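Colleague: Okay, here's the structure, questions in a sec.
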Amino acid sequence: MILSAASILFIAWTAAVAICDCRSRRIPNSLVVAGLAAAFICAFFQYSPFNVPTGQAVIGAVVGLLALLPFFALGVMGAADVKVFAVLGAWCGVHMLLGLWIVASVAAGLHALWLLITTRTRLPVIGRSATPTFAVAGKASTPYGACLTVPACAWLLLQLSNSVPR
């Protein structure tokens with residue numbers, strides 16, 4: 001499997017997002033902007049790892065942003081997660097967003113369930129305090145940005161491995 005420069009760029013961006021999110025539960029805006037710029041540049045020069053043209057990259061970014069914005073407005077999701085989903089829309093196209101969102105939500109749910117079990121948190125306690133339901137080392141515990149980017153990266157690697165002639 002030979003990776004193009006655009007594929008390497010996408011993998012590096014998704015890894016950086018996942019690492020930042022897992023370590024600090026923060027994703028710097030500079031990383032989001034860099035990912036969006038890279039996605040649009042790759043799309044413009046028809047070098048996107050997912051073969052997404054410029055128009056579809058714009059539509060994917062807008063749909064990704066608008067799809068998760070209500071969750072941010074309700075206070076159940078961070079702004080960075082919404083922005084990362086918009087960037088994934090630009091990279092992957094609108095057609096992949098629903099699948100990524102479902103896989104990420106299942107992964108986040110399993111992570112939350114694991115935390116419930118390992119921290120022995122009782123269900124009636126959830127939602128009573130102003131702090132996050134799950135906190136590890138004082139940080140909100142489910143790294144949803146990582147839950148979004150890891151499946152996108154895995155999907156690209158799967159596509160690339162399936163396209164290798166045998």
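In the structure tokens, each chain is lettered A, B, ... as it comes, each chain's residues begin at 1, and ligands are numbered from 1 in order of appearance.
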Report as a ChimeraX atom specification all protein, DNA and RNA residues lying within 8 Å of range 87-100 of chain A, evaluated on only C-alpha atoms, omitting residues in the same chain fewer than 3 positions from it.
Modeller: /A:10,32,35-36,39-40,43,48-50,52,56-64,83-84,103-104,148-149,151-152
Colleague: Set the distance at 12 Å and use only C-alpha atoms: which residues neighbour Met77 in chain A once local chain neighbours fewer than 4 positions away are removed? I'd like the list as a PyMOL selection string.
Modeller: chain A and resi 25+67-73+81-85+105+108+132+140-145
Colleague: Using only N, CA and C atoms, please write the residues we just selected to a file, as a compact mmCIF listing (two decimals), in the first residue's frame.
Modeller:
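Result file out.txt:
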# COMPACT_ATOMS: atom_id res chain seq x y z
N ARG A 25 -8.29 16.77 26.27
CA ARG A 25 -9.70 17.02 25.99
C ARG A 25 -9.90 18.40 25.36
N ALA A 67 -24.86 19.85 11.34
CA ALA A 67 -25.39 18.60 11.91
C ALA A 67 -25.15 18.51 13.41
N LEU A 68 -23.99 18.95 13.87
CA LEU A 68 -23.68 18.81 15.30
C LEU A 68 -23.86 20.10 16.09
N LEU A 69 -24.12 21.20 15.41
CA LEU A 69 -24.31 22.49 16.09
C LEU A 69 -25.42 22.45 17.14
N PRO A 70 -26.55 21.78 16.89
CA PRO A 70 -27.58 21.71 17.95
C PRO A 70 -27.09 21.04 19.23
N PHE A 71 -26.21 20.06 19.12
CA PHE A 71 -25.68 19.40 20.31
C PHE A 71 -24.80 20.34 21.12
N PHE A 72 -24.06 21.19 20.41
CA PHE A 72 -23.27 22.21 21.10
C PHE A 72 -24.19 23.22 21.78
N ALA A 73 -25.25 23.64 21.06
CA ALA A 73 -26.20 24.60 21.62
C ALA A 73 -26.89 24.06 22.87
N ASP A 81 -15.47 19.60 18.88
CA ASP A 81 -16.02 18.39 18.26
C ASP A 81 -16.86 18.74 17.03
N VAL A 82 -17.63 19.80 17.14
CA VAL A 82 -18.46 20.26 16.02
C VAL A 82 -17.56 20.70 14.87
N LYS A 83 -16.51 21.46 15.19
CA LYS A 83 -15.60 21.94 14.15
C LYS A 83 -14.84 20.78 13.50
N VAL A 84 -14.44 19.81 14.28
CA VAL A 84 -13.75 18.63 13.72
C VAL A 84 -14.68 17.88 12.77
N PHE A 85 -15.94 17.77 13.11
CA PHE A 85 -16.90 17.10 12.23
C PHE A 85 -17.05 17.87 10.92
N SER A 105 -20.47 7.80 17.78
CA SER A 105 -21.43 7.80 18.89
C SER A 105 -21.44 6.46 19.62
N ALA A 108 -18.23 6.40 21.65
CA ALA A 108 -18.35 7.28 22.81
C ALA A 108 -19.28 6.66 23.86
N PRO A 132 -18.83 17.85 34.67
CA PRO A 132 -19.10 16.76 33.73
C PRO A 132 -19.44 15.46 34.45
N ALA A 140 -13.24 16.53 31.24
CA ALA A 140 -14.39 15.81 30.69
C ALA A 140 -13.84 14.57 30.00
N SER A 141 -14.47 13.46 30.19
CA SER A 141 -13.78 12.21 29.90
C SER A 141 -13.94 11.60 28.52
N THR A 142 -14.97 11.86 27.77
CA THR A 142 -15.11 11.19 26.48
C THR A 142 -14.52 12.07 25.38
N PRO A 143 -13.44 11.62 24.78
CA PRO A 143 -12.79 12.40 23.71
C PRO A 143 -13.51 12.19 22.38
N TYR A 144 -14.61 12.92 22.18
CA TYR A 144 -15.45 12.69 21.02
C TYR A 144 -14.74 13.02 19.71
N GLY A 145 -13.83 14.00 19.74
CA GLY A 145 -13.05 14.30 18.54
C GLY A 145 -12.25 13.10 18.09
Colleague: Record the distance separating CA of Val17 in chain A and CA of Phe44 in chain A, expressed in Å with one decimal.
Modeller: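 Spanning CA of Val17 in chain A to CA of Phe44 in chain A is a straight-line distance of 23.0 Å.
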Colleague: Figure out the distance between CA of Ala146 in chain A and CA of Ala15 in chain A, please, to one decimal in Å.
Modeller: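 CA of Ala15 in chain A sits 8.3 Å away from CA of Ala146 in chain A.
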Colleague: Select from chain A everything DSSP, run on the backbone, classes as helix (DSSP H, G or I), then give the selection as number ranges by chain.
Modeller: A: 5-24, 29-44, 54-73, 79-92, 94-118, 123-125, 144-162
Colleague: Enumerate as a ChimeraX atom specification all residues of chain A assigned to strand (DSSP E) by DSSP on the backbone, naming them with the chain letters and numbers the document uses.
Modeller: /A:135-136,139-140
Colleague: Quick check, in Å to one decimal: how far apart do CA of Ala80 in chain A and CA of Cys147 in chain A lie?
Modeller: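 Taking CA of Ala80 in chain A as the start and CA of Cys147 in chain A as the end point, the length is 12.6 Å.
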